[in-house]
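What follows is one structure encoded as structure tokens, with my remarks underneath.
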Amino acid sequence: PTCSGQIPQPRSGHSASWLAEKDALLIFGGVKGQKWLNSVAVLDVGRWMWSAPKISGDAPPPRSYHSATPIPKADKSWLVVFGGNDSRQSFNSVHVIETDGKTWNWFHPLVGGDSPQPRTGHCATLLADKKTILIYGGWDPNTEDEDMDQEGAEDPIFEDSFLLDTTTWIWKKGPTPKFLKEGDPKVLNSGPRRVGHTCVFTKGVEGSPDQVLVFGGRVPSAERPFANDLQSLVVSE
């Protein structure tokens, strides 16, 4: 399609999220060269028109490779932004865009609990209850040079998962990923530590549990630095 309107500038490492109540795609953040962004662009796919909505409140610091998870509400929707990085640091803060389709607002909830370390390149997905976000993996590239200068230091790629309750804004530790063995013997277990992977929530059927399936990513292995296996994080019994 041919798009018109306020077309966003080129970038990478941004997030793209579907806003069902607006029939629109929302782009946030990213990086172009050495310039990190915190702008928002919305594409109306009914008209294929870009716009830059006026959003009240303070936007979070510019970032790339964060996650942005839509949460539907009765009369509005939220887009929950977590993590990401700029040239100096990675983040573990939570920021929310709230919209009713006409007005837009940033707010920054005070979160508690067992929160994740700052990270970027993780994955995030909304669970079946439509209020809990699972984040998994990622890394902190801004600590890599310091860590790698130390003999025997490990690549700072994370293997943990966390659950954020967006009604209480409390973090807690999430499930441990498990390798899903496949029929192809060439697909090997690349381990739980990974960054730049994808994940999706899948509803359990016929007595099987709900789970988050994870595919691919970069892993801390000199022989096989990129994964093509599936990992499962069970989120219900």
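Each chain in the structure tokens gets a letter, A, B and so on, in the order shown; residues start at 1 in every chain, and ligands are counted from 1 in the order they appear.
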**Request:** Considering only C-alpha atoms, return as JSON, numbers by chain whatever protein or nucleic-acid residues lie within 10 Å of Pro10 (chain A), sequence-local ones (same chain, fewer than 4 positions apart) excluded.
**Result:** {"A": [30, 31, 32, 33]}
**Request:** Name all residues at most 12 Å from Gly183 (chain A) (count only C-alpha atoms; drop same-chain ones fewer than 4 positions away) and give them as a ChimeraX atom specification.
**Result:** /A:187-188,229-230
**Fill in**
Expressed in Å, the length from CA of Lys172 (chain A) to CA of Val81 (chain A) is 17.3 Å
Please provide as a CSV table (one decimal) with N, CA and C atoms, in the first residue's frame all residues within 9 Å of Asp86 (chain A), with the sequence filter that same-chain residues fewer than 6 positions apart are discarded (counting only C-alpha atoms).
chain,number,residue,atom,x,y,z
A,31,VAL,N,16.4,3.5,17.1
A,31,VAL,CA,17.7,4.2,17.0
A,31,VAL,C,18.0,4.4,15.5
A,34,GLN,N,23.5,7.1,15.7
A,34,GLN,CA,23.8,7.3,17.1
A,34,GLN,C,22.7,8.2,17.8
A,35,LYS,N,21.5,8.3,17.2
A,35,LYS,CA,20.5,9.1,17.8
A,35,LYS,C,19.3,8.1,18.2
A,36,TRP,N,19.1,8.1,19.5
A,36,TRP,CA,18.0,7.2,20.1
A,36,TRP,C,16.8,8.1,20.1
A,61,PRO,N,12.8,8.2,28.6
A,61,PRO,CA,14.0,8.5,27.9
A,61,PRO,C,14.1,7.7,26.6
A,62,PRO,N,14.7,8.2,25.5
A,62,PRO,CA,14.8,7.5,24.3
A,62,PRO,C,15.5,6.1,24.5
A,63,ARG,N,15.1,5.1,23.6
A,63,ARG,CA,15.6,3.8,23.8
A,63,ARG,C,15.4,3.0,22.6
A,64,SER,N,16.1,1.8,22.5
A,64,SER,CA,15.9,0.9,21.4
A,64,SER,C,15.9,-0.5,22.0
A,142,ASN,N,25.7,-2.8,27.7
A,142,ASN,CA,26.5,-1.7,28.2
A,142,ASN,C,27.4,-2.2,29.3
**Asked** Among region 4-234 of chain A, which ones does DSSP place in strand (DSSP E), written as a VMD selection string?
**Response** chain A and resid 4 to 5 15 to 19 24 to 32 35 to 44 49 to 51 55 to 56 67 to 72 77 to 82 94 to 99 104 to 107 112 to 113 123 to 126 132 to 136 161 to 165 170 to 173 178 to 180 198 to 202 211 to 215 230 to 234
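Minimum atom-to-atom distance to Gly174 (chain A), evaluated using only C-alpha atoms, belongs to A:Pro116 out of A:Ala128, A:Asp140, A:Ser221, A:Pro116.
If you count only C-alpha atoms and ignore residues fewer than 5 places along the chain from Arg47 (chain A), what sits within 12 Å of it is Pro1, Thr2, Cys3, Ser4, Gly5, Lys22, Asp23, Ala24, Leu25 and Val42 of chain A.
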**Request:** Using only C-alpha atoms, find the one residue out of A:Lys73, A:His108, A:Lys203, A:His66 that sits nearest to Gly138 (chain A).
**Result:** A:His66
**Message:** Please identify the helix (DSSP H, G or I) residues within region 39-217 of chain A (assignment by DSSP from backbone atoms) and present them as a ChimeraX atom specification.
**Reply:** /A:141-148
